[in-house]
Amino acid sequence: MKVLNFGSLNYDYVYKVDHMILAGETMDSYSLETHFGGKGLNQSVALAKAGVPVKHAGMVGEDGQAFLDFCTENGVDAEYIRKVQGKSGHTIIQLDKNAQNSILLYGGSNRAITKEYVDEVLGHFEKGDILLLQNEVNLMPYIIDTAYGRGMQIVLNPSPYNEALDGCDMGKIAVFLVNEIEGKQITGETEPERILDVMMSRFPDARIVLTLGGDGVVYRDKEQTCRQGIFKVQAVDTTAAGDTFTGYFIAGMLEELPIPDILRRCAKASAMAVSKMGAAESIPTVEEVKAAKLDA
Ligand code: RIB
């Protein structure tokens, strides 16, 4: 079974700030760091660091060679990544004193995906293979329909949630990884229990992972509900915590670990990611996760 992640690659420009800038305000920042990010790239790196051979598909701009090198250095197969004219995707990230962030996205080459490219990449995959998606590339409905038509199992992290997802047939998704905001946007419900109830009634064969920030995570499928709290760490940068969770969750699924064991390992890996600066670079290897002693 092969694993493909079709997703974004962003240069993250991370500015440490006193507080998130307000409308009309001009404010100094304390520092600027540039990191490799993009929900797509982060999740591919998390899969690779969790021990899963993963192929990444997506577009980088003329300034994008560093992404290809970074993928190779981090065990992500970059064979399908295309270089196109124009700029790669990037973000402006404000990181405040509480390690919270706000992210402004510039899609750049992440939004240059064509139907021909989707057909060409997905043509290498078949029934049972896994496709992981986020929502930072264009043509999401087409990618989902084509992959589903080929019998692939589709895992969706609908982040950031926006109108592009309205055209997607969510009935074709095998695994959802959502936070409370995305859960609300999909179901119209705010309470975690209600979000899970409504999602299960709409997508009865799906597996649903609902992350709840400081309250941990709840997993539900038609046979079981499992919960996991967070591990306590000194957070310095929360960017990519969810992406780490997603990659490690798929890795655990592929290893056929019991769900409570998967959730525990995901929570630990995410906690380790928030205790380091950066996005893709902050994701720990599975050996580091196993060796770490963290307080629950
Ligand atoms: O999930 C974190 C990521 O979201 C960042 O790396 C940034 O690039 C945005 O895509």
# chains A, B, ... in the order shown; residues from 1 in each chain; ligands from 1
call {"tool": "select_by_dssp", "arguments": {"residues": "region 12-179 of chain A", "states": "helix (DSSP H, G or I)", "output": "ChimeraX atom specification"}}
result
/A:39-49,65-73,108-111,115-122,140-149,163-167,170-172
call {"tool": "residues_near_ligand", "arguments": {"ligand": "ligand 1", "cutoff": "8 Å", "atoms": "only C-alpha atoms and all ligand atoms", "output": "compact mmCIF listing (two decimals) with N, CA, C and O atoms, in the first residue's frame"}}
result
# COMPACT_ATOMS: atom_id res chain seq x y z
N SER A 8 0.38 21.43 0.20
CA SER A 8 1.12 22.69 0.10
C SER A 8 2.55 22.58 0.61
O SER A 8 2.87 21.74 1.46
N LEU A 9 3.37 23.48 0.10
CA LEU A 9 4.73 23.69 0.63
C LEU A 9 4.87 25.20 0.77
O LEU A 9 4.70 25.93 -0.22
N ASN A 10 5.15 25.66 1.97
CA ASN A 10 5.26 27.11 2.21
C ASN A 10 6.58 27.46 2.89
O ASN A 10 7.04 26.71 3.76
N TYR A 11 7.11 28.62 2.52
CA TYR A 11 8.15 29.21 3.36
C TYR A 11 7.40 29.97 4.44
O TYR A 11 6.55 30.83 4.15
N ASP A 12 7.69 29.65 5.69
CA ASP A 12 7.04 30.34 6.81
C ASP A 12 7.96 31.45 7.32
O ASP A 12 9.08 31.17 7.77
N HIS A 35 11.24 29.35 8.15
CA HIS A 35 11.18 27.89 8.34
C HIS A 35 10.46 27.24 7.16
O HIS A 35 9.70 27.89 6.44
N PHE A 36 10.68 25.92 7.02
CA PHE A 36 9.94 25.15 6.03
C PHE A 36 8.59 24.79 6.62
O PHE A 36 8.51 24.28 7.74
N GLY A 37 7.52 25.05 5.87
CA GLY A 37 6.19 24.74 6.37
C GLY A 37 5.22 24.45 5.25
O GLY A 37 5.61 24.04 4.16
N GLY A 38 3.97 24.71 5.54
CA GLY A 38 2.88 24.30 4.66
C GLY A 38 2.28 23.07 5.29
O GLY A 38 3.01 22.16 5.69
N LYS A 39 0.97 23.07 5.42
CA LYS A 39 0.35 21.90 6.07
C LYS A 39 0.71 20.62 5.34
O LYS A 39 0.92 19.57 5.95
N GLY A 40 0.79 20.72 4.00
CA GLY A 40 1.13 19.53 3.22
C GLY A 40 2.52 19.03 3.57
O GLY A 40 2.70 17.88 3.99
N LEU A 41 3.51 19.90 3.44
CA LEU A 41 4.89 19.48 3.71
C LEU A 41 5.05 19.00 5.15
O LEU A 41 5.68 17.96 5.41
N ASN A 42 4.46 19.73 6.09
CA ASN A 42 4.60 19.32 7.50
C ASN A 42 4.06 17.91 7.71
O ASN A 42 4.66 17.10 8.42
N HIS A 90 3.92 31.07 0.57
CA HIS A 90 4.59 31.48 1.81
C HIS A 90 3.55 31.94 2.84
O HIS A 90 2.38 32.14 2.49
N THR A 91 4.00 32.09 4.05
CA THR A 91 3.11 32.60 5.10
C THR A 91 3.83 33.68 5.89
O THR A 91 5.06 33.71 5.95
N ILE A 93 3.75 34.58 9.71
CA ILE A 93 3.24 34.03 10.97
C ILE A 93 3.62 34.95 12.12
O ILE A 93 4.80 35.27 12.30
N ILE A 103 -1.76 33.11 11.23
CA ILE A 103 -1.07 32.79 9.97
C ILE A 103 -1.77 33.45 8.80
O ILE A 103 -2.98 33.25 8.60
N LEU A 105 -1.72 33.47 4.78
CA LEU A 105 -1.25 32.59 3.70
C LEU A 105 -1.17 33.32 2.37
O LEU A 105 -2.09 34.06 2.02
N GLU A 136 -4.89 23.51 1.29
CA GLU A 136 -4.08 24.65 0.88
C GLU A 136 -3.67 24.56 -0.59
O GLU A 136 -2.80 25.30 -1.04
N THR A 239 2.97 26.07 15.95
CA THR A 239 2.83 25.79 14.51
C THR A 239 3.18 24.33 14.22
O THR A 239 4.19 23.83 14.71
N ALA A 240 2.32 23.67 13.46
CA ALA A 240 2.55 22.28 13.01
C ALA A 240 2.22 21.23 14.06
O ALA A 240 2.45 20.04 13.81
N ALA A 241 1.66 21.63 15.20
CA ALA A 241 1.27 20.61 16.19
C ALA A 241 0.21 19.69 15.58
O ALA A 241 0.30 18.46 15.67
N GLY A 242 -0.79 20.28 14.93
CA GLY A 242 -1.86 19.48 14.31
C GLY A 242 -1.33 18.63 13.16
O GLY A 242 -1.77 17.49 12.96
N ASP A 243 -0.36 19.17 12.42
CA ASP A 243 0.20 18.43 11.29
C ASP A 243 0.99 17.21 11.79
O ASP A 243 0.96 16.14 11.18
N GLY A 278 9.54 26.49 14.79
CA GLY A 278 9.43 26.07 13.40
C GLY A 278 8.29 25.09 13.18
O GLY A 278 7.63 24.65 14.13
N ALA A 279 8.10 24.79 11.89
CA ALA A 279 7.00 23.89 11.52
C ALA A 279 7.59 22.51 11.23
O ALA A 279 7.79 21.71 12.15
N ALA A 280 7.92 22.24 9.96
CA ALA A 280 8.42 20.91 9.60
C ALA A 280 9.65 20.52 10.42
O ALA A 280 9.82 19.35 10.79
call {"tool": "select_by_dssp", "arguments": {"residues": "region 44-254 of chain A", "states": "strand (DSSP E)", "output": "PyMOL selection string"}}
result
chain A and resi 54-57+59-60+76-77+82-83+89-95+101-106+130-133+153-156+175-179+207-211+217-220+225-228
call {"tool": "closest_residue", "arguments": {"among": "A:Arg207, A:His19, A:Lys172, A:Lys87", "to": "Pro141 (chain A)", "atoms": "only C-alpha atoms"}}
result
A:Lys172
call {"tool": "atom_distance", "arguments": {"atom1": "CA of Ile181 (chain A)", "atom2": "CA of Lys16 (chain A)"}}
result
24.8 Å
call {"tool": "residues_around", "arguments": {"residues": "Phe231 (chain A)", "least_positions_apart": "2", "cutoff": "8 Å", "atoms": "only C-alpha atoms", "output": "VMD selection string"}}
result
chain A and resid 229 233 267 to 268 271 294 to 296
call {"tool": "write_last_selection", "arguments": {"atoms": "C-alpha atoms", "output": "PDB file, in the first residue's frame"}}
result
ATOM      1  CA  GLY A 229      -5.330  14.217  27.010  1.00  0.00           C
ATOM      2  CA  VAL A 233       5.489  20.867  27.876  1.00  0.00           C
ATOM      3  CA  ALA A 267      -0.248  13.503  21.577  1.00  0.00           C
ATOM      4  CA  LYS A 268       3.347  12.961  22.651  1.00  0.00           C
ATOM      5  CA  ALA A 271       3.737  18.084  22.434  1.00  0.00           C
ATOM      6  CA  LEU A 294       6.725  13.574  29.303  1.00  0.00           C
ATOM      7  CA  ASP A 295       4.158  14.333  31.984  1.00  0.00           C
ATOM      8  CA  ALA A 296       0.520  13.823  31.054  1.00  0.00           C
TER       9      ALA A 296
END
call {"tool": "closest_residue", "arguments": {"among": "A:Asn74, A:Gly89, A:Ile143, A:Met27", "to": "Asn5 (chain A)", "atoms": "only C-alpha atoms"}}
result
A:Ile143
call {"tool": "closest_residue", "arguments": {"among": "A:Phe6, A:Ile92, A:Leu32, A:Met152", "to": "Leu139 (chain A)", "atoms": "only C-alpha atoms"}}
result
A:Phe6
call {"tool": "residues_around", "arguments": {"residues": "Gly64 (chain A)", "least_positions_apart": "2", "cutoff": "8 Å", "atoms": "only C-alpha atoms", "output": "PDB file with C-alpha atoms, in the first residue's frame"}}
result
ATOM      1  CA  VAL A  60       6.793  24.888  -5.923  1.00  0.00           C
ATOM      2  CA  GLY A  61       7.829  28.102  -7.660  1.00  0.00           C
ATOM      3  CA  GLU A  62      11.112  29.131  -9.245  1.00  0.00           C
ATOM      4  CA  ALA A  66      15.103  24.350  -1.170  1.00  0.00           C
ATOM      5  CA  PHE A  67      11.825  22.446  -0.646  1.00  0.00           C
ATOM      6  CA  LEU A  68      13.002  19.599  -2.850  1.00  0.00           C
ATOM      7  CA  LYS A  83       8.584  23.396 -10.253  1.00  0.00           C
ATOM      8  CA  LYS A  87       6.639  32.248  -6.466  1.00  0.00           C
ATOM      9  CA  SER A  88       6.257  29.369  -4.035  1.00  0.00           C
TER      10      SER A  88
END
call {"tool": "decode", "arguments": {"residues": "region 125-140 of chain A", "atoms": "all heavy atoms", "output": "PDB file, in the first residue's frame"}}
result
ATOM      1  N   PHE A 125      -1.260   5.502  -8.661  1.00  0.00           N
ATOM      2  CA  PHE A 125      -1.802   4.903  -7.430  1.00  0.00           C
ATOM      3  C   PHE A 125      -3.039   4.071  -7.748  1.00  0.00           C
ATOM      4  O   PHE A 125      -3.691   4.253  -8.782  1.00  0.00           O
ATOM      5  CB  PHE A 125      -2.118   6.014  -6.413  1.00  0.00           C
ATOM      6  CG  PHE A 125      -0.861   6.704  -5.970  1.00  0.00           C
ATOM      7  CD1 PHE A 125      -0.341   7.763  -6.697  1.00  0.00           C
ATOM      8  CD2 PHE A 125      -0.154   6.237  -4.874  1.00  0.00           C
ATOM      9  CE1 PHE A 125       0.855   8.363  -6.342  1.00  0.00           C
ATOM     10  CE2 PHE A 125       1.047   6.833  -4.500  1.00  0.00           C
ATOM     11  CZ  PHE A 125       1.549   7.898  -5.233  1.00  0.00           C
ATOM     12  N   GLU A 126      -3.342   3.153  -6.827  1.00  0.00           N
ATOM     13  CA  GLU A 126      -4.451   2.242  -7.108  1.00  0.00           C
ATOM     14  C   GLU A 126      -5.265   1.958  -5.855  1.00  0.00           C
ATOM     15  O   GLU A 126      -5.005   2.530  -4.788  1.00  0.00           O
ATOM     16  CB  GLU A 126      -3.896   0.949  -7.706  1.00  0.00           C
ATOM     17  CG  GLU A 126      -2.895   0.300  -6.798  1.00  0.00           C
ATOM     18  CD  GLU A 126      -2.089  -0.797  -7.493  1.00  0.00           C
ATOM     19  OE1 GLU A 126      -1.936  -0.755  -8.725  1.00  0.00           O
ATOM     20  OE2 GLU A 126      -1.613  -1.696  -6.765  1.00  0.00           O
ATOM     21  N   LYS A 127      -6.230   1.052  -6.024  1.00  0.00           N
ATOM     22  CA  LYS A 127      -7.164   0.698  -4.943  1.00  0.00           C
ATOM     23  C   LYS A 127      -6.418   0.377  -3.648  1.00  0.00           C
ATOM     24  O   LYS A 127      -5.447  -0.376  -3.665  1.00  0.00           O
ATOM     25  CB  LYS A 127      -7.967  -0.531  -5.386  1.00  0.00           C
ATOM     26  CG  LYS A 127      -9.134  -0.888  -4.510  1.00  0.00           C
ATOM     27  CD  LYS A 127      -9.953  -1.964  -5.202  1.00  0.00           C
ATOM     28  CE  LYS A 127     -10.953  -2.620  -4.294  1.00  0.00           C
ATOM     29  NZ  LYS A 127     -11.880  -1.737  -3.641  1.00  0.00           N
ATOM     30  N   GLY A 128      -6.871   0.974  -2.568  1.00  0.00           N
ATOM     31  CA  GLY A 128      -6.283   0.688  -1.261  1.00  0.00           C
ATOM     32  C   GLY A 128      -5.163   1.646  -0.873  1.00  0.00           C
ATOM     33  O   GLY A 128      -4.839   1.781   0.307  1.00  0.00           O
ATOM     34  N   ASP A 129      -4.532   2.300  -1.858  1.00  0.00           N
ATOM     35  CA  ASP A 129      -3.475   3.263  -1.509  1.00  0.00           C
ATOM     36  C   ASP A 129      -4.098   4.445  -0.750  1.00  0.00           C
ATOM     37  O   ASP A 129      -5.291   4.722  -0.892  1.00  0.00           O
ATOM     38  CB  ASP A 129      -2.778   3.782  -2.771  1.00  0.00           C
ATOM     39  CG  ASP A 129      -1.878   2.723  -3.425  1.00  0.00           C
ATOM     40  OD1 ASP A 129      -1.515   1.750  -2.735  1.00  0.00           O
ATOM     41  OD2 ASP A 129      -1.565   2.884  -4.618  1.00  0.00           O
ATOM     42  N   ILE A 130      -3.259   5.112   0.022  1.00  0.00           N
ATOM     43  CA  ILE A 130      -3.773   6.221   0.857  1.00  0.00           C
ATOM     44  C   ILE A 130      -3.432   7.572   0.233  1.00  0.00           C
ATOM     45  O   ILE A 130      -2.309   7.788  -0.232  1.00  0.00           O
ATOM     46  CB  ILE A 130      -3.181   6.122   2.269  1.00  0.00           C
ATOM     47  CG1 ILE A 130      -3.798   4.881   2.937  1.00  0.00           C
ATOM     48  CG2 ILE A 130      -3.442   7.376   3.091  1.00  0.00           C
ATOM     49  CD1 ILE A 130      -3.463   4.704   4.361  1.00  0.00           C
ATOM     50  N   LEU A 131      -4.425   8.455   0.240  1.00  0.00           N
ATOM     51  CA  LEU A 131      -4.205   9.834  -0.189  1.00  0.00           C
ATOM     52  C   LEU A 131      -4.510  10.749   0.984  1.00  0.00           C
ATOM     53  O   LEU A 131      -5.615  10.728   1.532  1.00  0.00           O
ATOM     54  CB  LEU A 131      -5.140  10.209  -1.344  1.00  0.00           C
ATOM     55  CG  LEU A 131      -5.104  11.701  -1.718  1.00  0.00           C
ATOM     56  CD1 LEU A 131      -3.758  12.087  -2.308  1.00  0.00           C
ATOM     57  CD2 LEU A 131      -6.228  12.046  -2.690  1.00  0.00           C
ATOM     58  N   LEU A 132      -3.543  11.565   1.364  1.00  0.00           N
ATOM     59  CA  LEU A 132      -3.737  12.541   2.433  1.00  0.00           C
ATOM     60  C   LEU A 132      -3.890  13.926   1.808  1.00  0.00           C
ATOM     61  O   LEU A 132      -3.126  14.301   0.916  1.00  0.00           O
ATOM     62  CB  LEU A 132      -2.520  12.510   3.372  1.00  0.00           C
ATOM     63  CG  LEU A 132      -2.435  13.605   4.432  1.00  0.00           C
ATOM     64  CD1 LEU A 132      -3.647  13.589   5.359  1.00  0.00           C
ATOM     65  CD2 LEU A 132      -1.152  13.437   5.253  1.00  0.00           C
ATOM     66  N   LEU A 133      -4.889  14.666   2.300  1.00  0.00           N
ATOM     67  CA  LEU A 133      -5.156  16.013   1.782  1.00  0.00           C
ATOM     68  C   LEU A 133      -5.383  17.008   2.908  1.00  0.00           C
ATOM     69  O   LEU A 133      -5.973  16.655   3.940  1.00  0.00           O
ATOM     70  CB  LEU A 133      -6.435  16.007   0.932  1.00  0.00           C
ATOM     71  CG  LEU A 133      -6.421  15.234  -0.382  1.00  0.00           C
ATOM     72  CD1 LEU A 133      -7.827  15.159  -0.936  1.00  0.00           C
ATOM     73  CD2 LEU A 133      -5.480  15.896  -1.377  1.00  0.00           C
ATOM     74  N   GLN A 134      -4.970  18.247   2.678  1.00  0.00           N
ATOM     75  CA  GLN A 134      -5.343  19.389   3.513  1.00  0.00           C
ATOM     76  C   GLN A 134      -6.062  20.341   2.561  1.00  0.00           C
ATOM     77  O   GLN A 134      -6.408  19.946   1.457  1.00  0.00           O
ATOM     78  CB  GLN A 134      -4.101  20.056   4.125  1.00  0.00           C
ATOM     79  CG  GLN A 134      -3.093  19.079   4.732  1.00  0.00           C
ATOM     80  CD  GLN A 134      -2.294  18.328   3.681  1.00  0.00           C
ATOM     81  OE1 GLN A 134      -2.035  18.863   2.605  1.00  0.00           O
ATOM     82  NE2 GLN A 134      -1.907  17.096   3.981  1.00  0.00           N
ATOM     83  N   ASN A 135      -6.255  21.583   2.947  1.00  0.00           N
ATOM     84  CA  ASN A 135      -6.974  22.485   2.041  1.00  0.00           C
ATOM     85  C   ASN A 135      -6.138  23.721   1.701  1.00  0.00           C
ATOM     86  O   ASN A 135      -6.607  24.842   1.819  1.00  0.00           O
ATOM     87  CB  ASN A 135      -8.323  22.885   2.652  1.00  0.00           C
ATOM     88  CG  ASN A 135      -9.166  23.695   1.684  1.00  0.00           C
ATOM     89  OD1 ASN A 135      -9.083  23.497   0.469  1.00  0.00           O
ATOM     90  ND2 ASN A 135      -9.953  24.625   2.209  1.00  0.00           N
ATOM     91  N   GLU A 136      -4.894  23.511   1.286  1.00  0.00           N
ATOM     92  CA  GLU A 136      -4.075  24.652   0.876  1.00  0.00           C
ATOM     93  C   GLU A 136      -3.673  24.556  -0.590  1.00  0.00           C
ATOM     94  O   GLU A 136      -2.802  25.300  -1.037  1.00  0.00           O
ATOM     95  CB  GLU A 136      -2.833  24.771   1.780  1.00  0.00           C
ATOM     96  CG  GLU A 136      -3.164  25.276   3.170  1.00  0.00           C
ATOM     97  CD  GLU A 136      -1.948  25.515   4.051  1.00  0.00           C
ATOM     98  OE1 GLU A 136      -0.837  25.105   3.686  1.00  0.00           O
ATOM     99  OE2 GLU A 136      -2.130  26.119   5.118  1.00  0.00           O
ATOM    100  N   VAL A 137      -4.253  23.605  -1.335  1.00  0.00           N
ATOM    101  CA  VAL A 137      -4.023  23.561  -2.792  1.00  0.00           C
ATOM    102  C   VAL A 137      -5.374  23.725  -3.484  1.00  0.00           C
ATOM    103  O   VAL A 137      -6.423  23.477  -2.885  1.00  0.00           O
ATOM    104  CB  VAL A 137      -3.343  22.236  -3.256  1.00  0.00           C
ATOM    105  CG1 VAL A 137      -1.962  22.098  -2.658  1.00  0.00           C
ATOM    106  CG2 VAL A 137      -4.206  21.022  -2.949  1.00  0.00           C
ATOM    107  N   ASN A 138      -5.320  24.146  -4.750  1.00  0.00           N
ATOM    108  CA  ASN A 138      -6.570  24.289  -5.514  1.00  0.00           C
ATOM    109  C   ASN A 138      -7.013  22.920  -6.063  1.00  0.00           C
ATOM    110  O   ASN A 138      -6.293  21.924  -5.918  1.00  0.00           O
ATOM    111  CB  ASN A 138      -6.385  25.307  -6.652  1.00  0.00           C
ATOM    112  CG  ASN A 138      -5.303  24.899  -7.622  1.00  0.00           C
ATOM    113  OD1 ASN A 138      -4.238  24.447  -7.215  1.00  0.00           O
ATOM    114  ND2 ASN A 138      -5.574  25.040  -8.899  1.00  0.00           N
ATOM    115  N   LEU A 139      -8.177  22.864  -6.647  1.00  0.00           N
ATOM    116  CA  LEU A 139      -8.766  21.665  -7.284  1.00  0.00           C
ATOM    117  C   LEU A 139      -9.094  20.543  -6.295  1.00  0.00           C
ATOM    118  O   LEU A 139      -9.058  19.359  -6.671  1.00  0.00           O
ATOM    119  CB  LEU A 139      -7.847  21.113  -8.381  1.00  0.00           C
ATOM    120  CG  LEU A 139      -7.743  21.904  -9.679  1.00  0.00           C
ATOM    121  CD1 LEU A 139      -6.938  21.095 -10.715  1.00  0.00           C
ATOM    122  CD2 LEU A 139      -9.112  22.213 -10.273  1.00  0.00           C
ATOM    123  N   MET A 140      -9.396  20.898  -5.064  1.00  0.00           N
ATOM    124  CA  MET A 140      -9.702  19.852  -4.065  1.00  0.00           C
ATOM    125  C   MET A 140     -10.819  18.909  -4.516  1.00  0.00           C
ATOM    126  O   MET A 140     -10.672  17.682  -4.401  1.00  0.00           O
ATOM    127  CB  MET A 140     -10.056  20.508  -2.726  1.00  0.00           C
ATOM    128  CG  MET A 140      -8.871  21.081  -2.001  1.00  0.00           C
ATOM    129  SD  MET A 140      -7.790  19.795  -1.380  1.00  0.00           S
ATOM    130  CE  MET A 140      -8.802  19.177  -0.051  1.00  0.00           C
TER     131      MET A 140
END
